[in-house]
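This is structure15.pdb. It holds PDB, C-alpha atoms.
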ATOM      1  CA  MET W  22      15.807 -20.177  26.719
ATOM      2  CA  GLY W  23      17.548 -19.155  23.509
ATOM      3  CA  PRO W  24      16.320 -19.239  19.909
ATOM      4  CA  ASN W  25      17.701 -22.750  19.345
ATOM      5  CA  ASN W  26      18.612 -24.111  22.774
ATOM      6  CA  THR W  27      17.616 -24.223  26.428
ATOM      7  CA  GLY W  28      19.302 -24.190  29.814
ATOM      8  CA  VAL W  29      17.648 -25.393  33.028
ATOM      9  CA  VAL W  30      18.871 -24.867  36.588
ATOM     10  CA  THR W  31      17.602 -27.281  39.236
ATOM     11  CA  LYS W  32      16.885 -26.342  42.846
ATOM     12  CA  ASP W  33      20.138 -28.079  43.773
ATOM     13  CA  GLY W  34      22.132 -25.815  41.452
ATOM     14  CA  ASP W  35      22.789 -28.322  38.680
ATOM     15  CA  LEU W  36      22.703 -27.023  35.088
ATOM     16  CA  TYR W  37      21.227 -29.007  32.212
ATOM     17  CA  THR W  38      21.372 -27.834  28.587
ATOM     18  CA  PHE W  39      19.965 -29.141  25.318
ATOM     19  CA  GLY W  40      19.227 -28.103  21.744
ATOM     20  CA  PHE W  41      21.509 -26.771  19.017
ATOM     21  CA  GLY W  42      25.157 -27.073  19.990
ATOM     22  CA  GLY W  43      26.653 -24.828  17.316
ATOM     23  CA  SER W  44      28.626 -25.191  14.090
ATOM     24  CA  LEU W  45      31.887 -24.092  12.496
ATOM     25  CA  VAL W  46      30.066 -21.094  11.024
ATOM     26  CA  ALA W  47      27.909 -20.081  14.001
ATOM     27  CA  GLY W  48      30.480 -21.000  16.647
ATOM     28  CA  MET W  49      30.643 -23.991  18.967
ATOM     29  CA  GLY W  50      30.437 -24.765  22.666
ATOM     30  CA  CYS W  51      27.272 -22.893  23.627
ATOM     31  CA  LEU W  52      25.898 -25.872  25.595
ATOM     32  CA  GLY W  53      29.014 -26.134  27.754
ATOM     33  CA  HIS W  54      29.666 -29.841  27.214
ATOM     34  CA  GLY W  55      33.133 -29.466  25.696
ATOM     35  CA  ASN W  56      32.034 -30.026  22.121
ATOM     36  CA  GLY W  57      29.822 -28.657  19.362
ATOM     37  CA  GLU W  58      27.270 -31.446  19.450
ATOM     38  CA  SER W  59      23.518 -30.931  19.683
ATOM     39  CA  TYR W  60      21.436 -32.789  22.265
ATOM     40  CA  LEU W  61      17.759 -33.738  22.017
ATOM     41  CA  GLU W  62      17.434 -34.324  25.761
ATOM     42  CA  PRO W  63      18.673 -32.349  28.786
ATOM     43  CA  LYS W  64      22.304 -33.147  29.572
ATOM     44  CA  LEU W  65      24.084 -32.269  32.821
ATOM     45  CA  VAL W  66      26.937 -29.764  32.437
ATOM     46  CA  GLU W  67      29.432 -31.963  34.240
ATOM     47  CA  SER W  68      32.282 -29.423  34.371
ATOM     48  CA  LEU W  69      30.339 -27.327  36.895
ATOM     49  CA  VAL W  70      29.869 -30.357  39.121
ATOM     50  CA  GLU W  71      33.550 -31.232  38.851
ATOM     51  CA  ASP W  72      34.510 -27.671  39.831
ATOM     52  CA  GLY W  73      32.093 -27.646  42.752
ATOM     53  CA  CYS W  74      30.084 -24.764  41.249
ATOM     54  CA  TYR W  75      26.351 -24.375  41.766
ATOM     55  CA  ALA W  76      24.354 -22.462  39.171
ATOM     56  CA  LYS W  77      21.909 -19.739  40.172
ATOM     57  CA  ASP W  78      20.777 -18.610  36.711
ATOM     58  CA  VAL W  79      21.506 -19.193  33.020
ATOM     59  CA  ALA W  80      21.062 -16.993  29.933
ATOM     60  CA  MET W  81      21.088 -18.597  26.492
ATOM     61  CA  GLY W  82      22.064 -16.678  23.361
ATOM     62  CA  GLU W  83      22.034 -17.835  19.773
ATOM     63  CA  SER W  84      25.583 -19.214  19.968
ATOM     64  CA  HIS W  85      26.752 -18.566  23.526
ATOM     65  CA  MET W  86      25.692 -19.210  27.111
ATOM     66  CA  THR W  87      26.186 -17.213  30.304
ATOM     67  CA  VAL W  88      25.888 -18.728  33.775
ATOM     68  CA  LEU W  89      25.637 -16.992  37.145
ATOM     69  CA  THR W  90      26.798 -19.112  40.067
ATOM     70  CA  ARG W  91      25.435 -18.939  43.596
ATOM     71  CA  GLU W  92      28.696 -17.244  44.605
ATOM     72  CA  GLY W  93      28.067 -14.474  42.054
ATOM     73  CA  GLU W  94      30.683 -15.564  39.517
ATOM     74  CA  VAL W  95      29.795 -15.032  35.837
ATOM     75  CA  LEU W  96      30.829 -17.781  33.406
ATOM     76  CA  THR W  97      30.536 -17.899  29.599
ATOM     77  CA  THR W  98      31.007 -20.449  26.836
ATOM     78  CA  GLY W  99      30.424 -20.745  23.107
ATOM     79  CA  ALA W 100      31.050 -18.470  20.137
ATOM     80  CA  SER W 101      33.565 -15.687  20.722
ATOM     81  CA  SER W 102      32.611 -13.483  17.766
ATOM     82  CA  TYR W 103      31.532  -9.922  18.592
ATOM     83  CA  GLY W 104      33.078 -10.287  22.049
ATOM     84  CA  ARG W 105      30.043 -12.061  23.422
ATOM     85  CA  LEU W 106      32.124 -14.098  25.900
ATOM     86  CA  GLY W 107      33.319 -10.948  27.665
ATOM     87  CA  ASN W 108      36.978 -11.971  27.799
ATOM     88  CA  GLY W 109      38.400  -9.778  25.042
ATOM     89  CA  GLU W 110      38.544 -12.641  22.543
ATOM     90  CA  THR W 111      36.696 -12.547  19.185
ATOM     91  CA  SER W 112      38.225 -15.431  17.258
ATOM     92  CA  VAL W 113      38.576 -18.482  19.535
ATOM     93  CA  ASP W 114      35.416 -20.221  20.722
ATOM     94  CA  GLN W 115      35.181 -21.692  24.222
ATOM     95  CA  LEU W 116      33.933 -25.254  24.650
ATOM     96  CA  PHE W 117      33.707 -25.072  28.448
ATOM     97  CA  LEU W 118      32.445 -22.430  30.859
ATOM     98  CA  GLU W 119      35.148 -19.931  31.831
ATOM     99  CA  PRO W 120      34.907 -16.919  34.184
ATOM    100  CA  VAL W 121      34.482 -13.356  32.945
ATOM    101  CA  GLU W 122      37.547 -12.114  34.778
ATOM    102  CA  ILE W 123      36.732  -8.407  34.866
ATOM    103  CA  LEU W 124      33.515  -9.037  36.828
ATOM    104  CA  GLN W 125      34.273  -9.926  40.423
ATOM    105  CA  LYS W 126      30.666 -10.593  41.386
ATOM    106  CA  ALA W 127      27.178 -10.122  39.925
ATOM    107  CA  ASP W 128      23.631 -10.317  41.253
ATOM    108  CA  GLN W 129      21.737 -10.943  38.000
ATOM    109  CA  ILE W 130      22.392 -11.778  34.342
ATOM    110  CA  ALA W 131      20.304 -11.384  31.183
ATOM    111  CA  GLY W 132      21.151 -12.463  27.661
ATOM    112  CA  GLY W 133      20.058 -11.581  24.136
ATOM    113  CA  LYS W 134      20.907 -13.092  20.775
ATOM    114  CA  SER W 135      24.563 -12.051  20.831
ATOM    115  CA  PHE W 136      25.052  -9.913  23.943
ATOM    116  CA  THR W 137      24.871 -10.231  27.725
ATOM    117  CA  LEU W 138      24.058  -7.919  30.624
ATOM    118  CA  ALA W 139      25.058  -8.311  34.264
ATOM    119  CA  LEU W 140      23.743  -6.407  37.274
ATOM    120  CA  ALA W 141      26.215  -5.773  40.087
ATOM    121  CA  ASP W 142      25.567  -3.516  43.092
ATOM    122  CA  GLY W 143      22.781  -1.645  41.313
ATOM    123  CA  VAL W 144      24.650  -0.867  38.086
ATOM    124  CA  ILE W 145      24.639  -2.607  34.698
ATOM    125  CA  TYR W 146      27.544  -4.020  32.703
ATOM    126  CA  GLY W 147      27.174  -5.226  29.117
ATOM    127  CA  TRP W 148      29.282  -6.962  26.504
ATOM    128  CA  GLY W 149      28.897  -8.505  23.071
ATOM    129  CA  ARG W 150      27.295  -7.154  19.930
ATOM    130  CA  ASN W 151      26.006  -3.577  19.930
ATOM    131  CA  HIS W 152      24.872  -2.943  16.344
ATOM    132  CA  LYS W 153      21.347  -2.002  17.438
ATOM    133  CA  GLY W 154      22.229  -0.182  20.641
ATOM    134  CA  GLN W 155      21.420  -3.209  22.800
ATOM    135  CA  LEU W 156      24.262  -2.409  25.212
ATOM    136  CA  GLY W 157      22.924   1.083  25.831
ATOM    137  CA  THR W 158      26.290   2.788  25.419
ATOM    138  CA  GLY W 159      25.067   5.578  23.127
ATOM    139  CA  PHE W 160      27.734   7.574  21.260
ATOM    140  CA  GLY W 161      26.109   6.801  17.890
ATOM    141  CA  MET W 162      28.121   3.601  17.599
ATOM    142  CA  ALA W 163      25.109   1.375  17.030
ATOM    143  CA  VAL W 164      24.879   2.417  13.377
ATOM    144  CA  ASP W 165      28.000   0.319  12.794
ATOM    145  CA  MET W 166      27.094  -3.325  12.164
ATOM    146  CA  TYR W 167      30.418  -4.348  13.697
ATOM    147  CA  SER W 168      29.928  -2.364  16.905
ATOM    148  CA  MET W 169      30.711  -4.421  20.007
ATOM    149  CA  GLU W 170      32.185  -4.459  23.492
ATOM    150  CA  GLN W 171      34.703  -7.250  24.037
ATOM    151  CA  VAL W 172      34.776  -6.952  27.840
ATOM    152  CA  PRO W 173      32.072  -5.833  30.314
ATOM    153  CA  TYR W 174      31.307  -2.126  29.833
ATOM    154  CA  LEU W 175      29.696  -0.032  32.552
ATOM    155  CA  LEU W 176      26.378   1.398  31.382
ATOM    156  CA  ASP W 177      26.702   4.914  32.786
ATOM    157  CA  ALA W 178      23.951   6.645  30.810
ATOM    158  CA  ASP W 179      22.735   9.993  32.127
ATOM    159  CA  GLU W 180      19.191   8.661  32.629
ATOM    160  CA  LEU W 181      20.430   6.093  35.144
ATOM    161  CA  LEU W 182      22.701   8.384  37.148
ATOM    162  CA  ASN W 183      21.832   8.394  40.865
ATOM    163  CA  ARG W 184      19.383   5.544  40.281
ATOM    164  CA  THR W 185      19.761   1.990  41.596
ATOM    165  CA  VAL W 186      18.833  -0.743  39.146
ATOM    166  CA  THR W 187      17.059  -3.728  40.712
ATOM    167  CA  LYS W 188      16.168  -5.872  37.689
ATOM    168  CA  ILE W 189      17.431  -6.371  34.127
ATOM    169  CA  ALA W 190      16.018  -8.123  31.063
ATOM    170  CA  ALA W 191      17.286  -8.757  27.531
ATOM    171  CA  GLY W 192      15.603  -9.718  24.264
ATOM    172  CA  HIS W 193      16.799 -10.392  20.741
ATOM    173  CA  SER W 194      18.495  -6.997  20.272
ATOM    174  CA  HIS W 195      17.088  -4.806  23.029
ATOM    175  CA  ALA W 196      17.067  -4.628  26.808
ATOM    176  CA  ALA W 197      15.262  -3.129  29.780
ATOM    177  CA  CYS W 198      15.753  -2.424  33.458
ATOM    178  CA  ILE W 199      13.762  -1.422  36.549
ATOM    179  CA  THR W 200      15.024   0.954  39.215
ATOM    180  CA  SER W 201      14.419   0.843  42.956
ATOM    181  CA  SER W 202      11.634   3.411  42.575
ATOM    182  CA  GLY W 203       9.772   1.258  40.048
ATOM    183  CA  GLU W 204      10.754   3.248  36.951
ATOM    184  CA  LEU W 205      11.180   1.330  33.699
ATOM    185  CA  PHE W 206      13.862   2.025  31.077
ATOM    186  CA  THR W 207      14.454   0.389  27.684
ATOM    187  CA  TRP W 208      17.044   0.628  24.898
ATOM    188  CA  GLY W 209      18.141  -1.087  21.682
ATOM    189  CA  SER W 210      16.325  -2.389  18.569
ATOM    190  CA  SER W 211      17.895   0.549  16.671
ATOM    191  CA  LEU W 212      15.348   2.836  18.359
ATOM    192  CA  ASN W 213      17.264   4.112  21.388
ATOM    193  CA  LEU W 214      21.027   3.876  21.743
ATOM    194  CA  GLU W 215      20.911   4.401  25.499
ATOM    195  CA  PRO W 216      18.282   3.900  28.238
ATOM    196  CA  VAL W 217      15.098   5.966  27.983
ATOM    197  CA  ARG W 218      12.268   6.014  30.499
ATOM    198  CA  VAL W 219       8.949   4.442  29.483
ATOM    199  CA  VAL W 220       6.622   7.357  30.198
ATOM    200  CA  GLU W 221       3.391   5.424  29.559
ATOM    201  CA  VAL W 222       3.833   3.512  32.828
ATOM    202  CA  LEU W 223       4.963   6.387  35.042
ATOM    203  CA  HIS W 224       1.563   6.347  36.756
ATOM    204  CA  THR W 225       2.353   2.997  38.366
ATOM    205  CA  LYS W 226       5.295   1.129  39.855
ATOM    206  CA  ILE W 227       6.815  -1.583  37.665
ATOM    207  CA  ILE W 228       7.904  -4.739  39.511
ATOM    208  CA  ASP W 229       8.958  -7.021  36.646
ATOM    209  CA  VAL W 230       9.989  -6.810  32.983
ATOM    210  CA  LYS W 231      10.592  -9.390  30.259
ATOM    211  CA  CYS W 232      11.978  -8.976  26.728
ATOM    212  CA  GLY W 233      11.303 -11.195  23.726
ATOM    213  CA  ASN W 234      12.023 -10.919  20.033
ATOM    214  CA  ASP W 235      11.539  -7.149  19.554
ATOM    215  CA  TYR W 236       8.748  -6.857  22.130
ATOM    216  CA  THR W 237       8.588  -6.067  25.845
ATOM    217  CA  MET W 238       6.285  -6.989  28.742
ATOM    218  CA  ALA W 239       6.080  -5.041  32.011
ATOM    219  CA  LEU W 240       4.225  -6.050  35.175
ATOM    220  CA  SER W 241       2.891  -3.306  37.451
ATOM    221  CA  GLU W 242       2.494  -3.421  41.223
ATOM    222  CA  ASP W 243      -1.281  -3.626  40.750
ATOM    223  CA  HIS W 244      -0.643  -6.807  38.722
ATOM    224  CA  HIS W 245      -1.472  -5.574  35.223
ATOM    225  CA  ILE W 246       0.635  -6.359  32.140
ATOM    226  CA  TYR W 247       1.725  -3.657  29.706
ATOM    227  CA  VAL W 248       3.113  -4.636  26.282
ATOM    228  CA  TRP W 249       4.647  -2.999  23.214
ATOM    229  CA  GLY W 250       6.824  -3.833  20.222
ATOM    230  CA  ALA W 251       6.460  -6.223  17.291
ATOM    231  CA  GLY W 252       3.326  -8.313  17.634
ATOM    232  CA  LYS W 253       2.668  -9.969  14.293
ATOM    233  CA  THR W 254       2.687 -13.426  15.914
ATOM    234  CA  GLY W 255       0.034 -12.353  18.420
ATOM    235  CA  VAL W 256       2.621 -12.220  21.184
ATOM    236  CA  LEU W 257       1.305  -8.899  22.542
ATOM    237  CA  GLY W 258      -2.081 -10.370  23.439
ATOM    238  CA  LEU W 259      -3.942  -7.343  22.076
ATOM    239  CA  GLY W 260      -5.966  -9.095  19.385
ATOM    240  CA  SER W 261      -5.433 -10.276  15.837
ATOM    241  CA  ASN W 262      -5.592  -6.792  14.330
ATOM    242  CA  THR W 263      -2.691  -5.435  16.404
ATOM    243  CA  LYS W 264       0.600  -6.062  14.638
ATOM    244  CA  ASN W 265       2.914  -3.428  16.100
ATOM    245  CA  VAL W 266       2.596  -1.152  19.126
ATOM    246  CA  ASN W 267       4.954   1.784  19.628
ATOM    247  CA  GLN W 268       3.781   2.734  23.136
ATOM    248  CA  ALA W 269       3.084   0.589  26.178
ATOM    249  CA  GLN W 270      -0.512  -0.631  26.319
ATOM    250  CA  ARG W 271      -2.280  -2.596  29.006
ATOM    251  CA  ILE W 272      -3.643  -6.038  28.108
ATOM    252  CA  HIS W 273      -7.312  -5.466  28.863
ATOM    253  CA  GLY W 274      -8.146  -9.119  28.216
ATOM    254  CA  LEU W 275      -6.574  -9.839  31.615
ATOM    255  CA  THR W 276      -8.589  -7.197  33.500
ATOM    256  CA  ASP W 277     -10.470  -9.761  35.574
ATOM    257  CA  TYR W 278      -7.266 -11.532  36.613
ATOM    258  CA  ARG W 279      -4.420 -10.787  38.983
ATOM    259  CA  VAL W 280      -1.172 -11.497  37.124
ATOM    260  CA  VAL W 281       1.481 -12.914  39.458
ATOM    261  CA  SER W 282       4.234 -13.793  36.992
ATOM    262  CA  MET W 283       4.994 -13.721  33.275
ATOM    263  CA  ALA W 284       7.460 -15.043  30.699
ATOM    264  CA  ALA W 285       8.545 -13.868  27.250
ATOM    265  CA  GLY W 286       9.714 -16.276  24.554
ATOM    266  CA  TRP W 287      11.062 -15.338  21.149
ATOM    267  CA  SER W 288       7.637 -15.426  19.503
ATOM    268  CA  HIS W 289       5.183 -16.302  22.263
ATOM    269  CA  ALA W 290       4.436 -15.220  25.830
ATOM    270  CA  ALA W 291       2.715 -16.585  28.923
ATOM    271  CA  CYS W 292       1.592 -15.445  32.357
ATOM    272  CA  LEU W 293       0.385 -16.987  35.602
ATOM    273  CA  VAL W 294      -2.769 -15.430  37.016
ATOM    274  CA  GLN W 295      -5.118 -15.575  39.969
ATOM    275  CA  LYS W 296      -8.860 -15.106  39.454
TER     276      LYS W 296
END
With the file now loaded, output its structure as structure tokens.
Amino acid sequence: MGPNNTGVVTKDGDLYTFGFGGSLVAGMGCLGHGNGESYLEPKLVESLVEDGCYAKDVAMGESHMTVLTREGEVLTTGASSYGRLGNGETSVDQLFLEPVEILQKADQIAGGKSFTLALADGVIYGWGRNHKGQLGTGFGMAVDMYSMEQVPYLLDADELLNRTVTKIAAGHSHAACITSSGELFTWGSSLNLEPVRVVEVLHTKIIDVKCGNDYTMALSEDHHIYVWGAGKTGVLGLGSNTKNVNQAQRIHGLTDYRVVSMAAGWSHAACLVQK
């Protein structure tokens, strides 16, 4: 789900999209229907059916969409500005899904407002806008509002060396990942230009992570949720007096429940629990 649109993958691998379809200013084609129109109801992305492709996952940005097929191919469509399509183009929008040629195969994808991450064989690749360090490349480049990567860039930060990444997540302008040992790393939001370990959750193993609009949720192996970031909309679940949290805190209101899954929207969150 993006800020203005949604993509849904069925169990049969069909992709349906709906919502804002773009504009001449924002860029067009993010719904993958071959035009810039908006749709109020889910519409089948027919080009995938025609090509015999089955979708595994979809990541919606503000003006672009990324699709992971069951074969591991990564496809993008929509606005090309800031290199968010991953094909080296920044001026010509795509109206249909096209492959990101430099990526042969991926296991997972995650998308933010104007950037995308892909996980392949335990390492992360990122492309698109990088003005807040959301790609994790470091080098001080994130201070430049025009900073970007036009093709997938290997995230080879020192903190992730000799570690295998098992899960990735992306929010508005930040991202996170989990390693095989259950360590959690985050970067972006103009706070960290490359991955840093979340020390507040080192006492437990993290099994899932979700990113929203400048906030993060982490699920531990003992089924507790930890949250931090911007919480003025109440999205952190820590009470009406908690607006911003700089360090990961456990949601004590869920102490009597066993959290089995969670989801992060742009300004709201949800979780599935067992009593």
For this session: Fewer than 3 positions away in the same chain doesn't count, so skip those; otherwise give me all residues within 10 Å of region 184-190 of chain W, counting all atoms listed in the file, as a PyMOL selection string.
Result: chain W and resi 128-133+137-145+179-181+195-207+228-233+237
Problem set entry | Counting all atoms listed in the file, the option among W:Ala269, W:Leu45, W:Leu259, W:Val280 closest to Val222 (chain W) |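 Closest candidate: W:Ala269.
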For this session: Using all atoms listed in the file, pick whichever of W:Ile123, W:Val256, W:Leu118, W:Ala76 has the shortest atom-to-atom distance to Leu96 (chain W).
Result: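 Distance minimum relative to Leu96 (chain W) lands on W:Leu118.
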For this session: On this file, the PyMOL selection byres ((chain W and resi 278) around 7) gives some set of residues; write that set as a ChimeraX atom specification.
Result: /W:275-277,279-280,294-296
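You will find CA of Gly192 (chain W) at 11.7 Å from CA of Ala284 (chain W).
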Exercise. So what does the PyMOL selection byres ((chain W and resi 251) around 10) actually pick up in this one, as a list in words?
Worked result: Gly233, Asn234, Asp235, Tyr236, Thr237, Val248, Trp249, Gly250, Gly252, Lys253, Thr254, Gly255, Val256, Leu257, Thr263, Lys264, Asn265, Val266, Asn267 and Ser288 of chain W
Exercise. Could you pull the residues within 6 Å of Val66 (chain W), counting all atoms listed in the file, minus those fewer than 3 positions along the same chain, as a count of residues only?
Worked result: 3
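For the choices W:His289, W:Ser44, W:Val172, W:Met166, the atom-to-atom distance to Thr97 (chain W) is smallest for W:Val172 when using all atoms listed in the file.
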Exercise. Given the choices W:Tyr174, W:Gly258, W:Gly157, W:Tyr247, which gets closest to Leu214 (chain W) if the distance is worked out from all atoms listed in the file?
Worked result: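 Once distances to Leu214 (chain W) are computed over all atoms listed in the file, the minimum belongs to W:Gly157.
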Exercise. Which value, in Å to one decimal, gives the distance between CA of Val88 (chain W) and CA of Met283 (chain W)?
Worked result: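 That distance, rounded to one decimal, is 21.5 Å.
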For this session: Please evaluate the PyMOL selection byres ((chain W and resi 47) around 10) against the structure above and give the resulting residues as a PyMOL selection string.
Result: chain W and resi 42-46+48-49+83-85+99-102
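For the choices W:Ser168, W:Asn25, W:Asn108, W:Gln125, the atom-to-atom distance to Trp287 (chain W) is smallest for W:Asn25 when using only C-alpha atoms.
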Problem set entry | CA of Pro173 (chain W) to CA of Gly55 (chain W), straight-line distance in Å |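 CA of Pro173 (chain W) lies 24.1 Å from CA of Gly55 (chain W).
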Exercise. Contacts of Thr27 (chain W) at 9 Å or less, counting only C-alpha atoms, minus same-chain residues fewer than 3 places along, as a ChimeraX atom specification?
Worked result: /W:22-24,37-41,52,63,80-81
Please save C-alpha atoms of the selected residues as an mmCIF file, in the coordinates of the input.
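So the final result, stored in out.cif, reads:
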data_model
loop_
_atom_site.group_PDB
_atom_site.id
_atom_site.type_symbol
_atom_site.label_atom_id
_atom_site.label_comp_id
_atom_site.auth_asym_id
_atom_site.auth_seq_id
_atom_site.Cartn_x
_atom_site.Cartn_y
_atom_site.Cartn_z
ATOM 1 C CA MET W 22 15.807 -20.177 26.719
ATOM 2 C CA GLY W 23 17.548 -19.155 23.509
ATOM 3 C CA PRO W 24 16.320 -19.239 19.909
ATOM 4 C CA TYR W 37 21.227 -29.007 32.212
ATOM 5 C CA THR W 38 21.372 -27.834 28.587
ATOM 6 C CA PHE W 39 19.965 -29.141 25.318
ATOM 7 C CA GLY W 40 19.227 -28.103 21.744
ATOM 8 C CA PHE W 41 21.509 -26.771 19.017
ATOM 9 C CA LEU W 52 25.898 -25.872 25.595
ATOM 10 C CA PRO W 63 18.673 -32.349 28.786
ATOM 11 C CA ALA W 80 21.062 -16.993 29.933
ATOM 12 C CA MET W 81 21.088 -18.597 26.492
#
Exercise. Of the candidates W:Lys77, W:Ser59, W:Cys51, W:Glu110, which shows the shortest atom-to-atom distance to Thr31 (chain W), using all atoms listed in the file?
Worked result: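 When distances to Thr31 (chain W) are compared using all atoms listed in the file, the smallest one comes from W:Lys77.
Point (5.0, -4.4, 35.2) has the following residues at most 8 Å away: Lys226, Ile227, Ile228, Asp229, Val230, Met238, Ala239, Leu240, Ser241, Glu242, His244, His245, Ile246 and Tyr247 of chain W (atoms considered: only C-alpha atoms).
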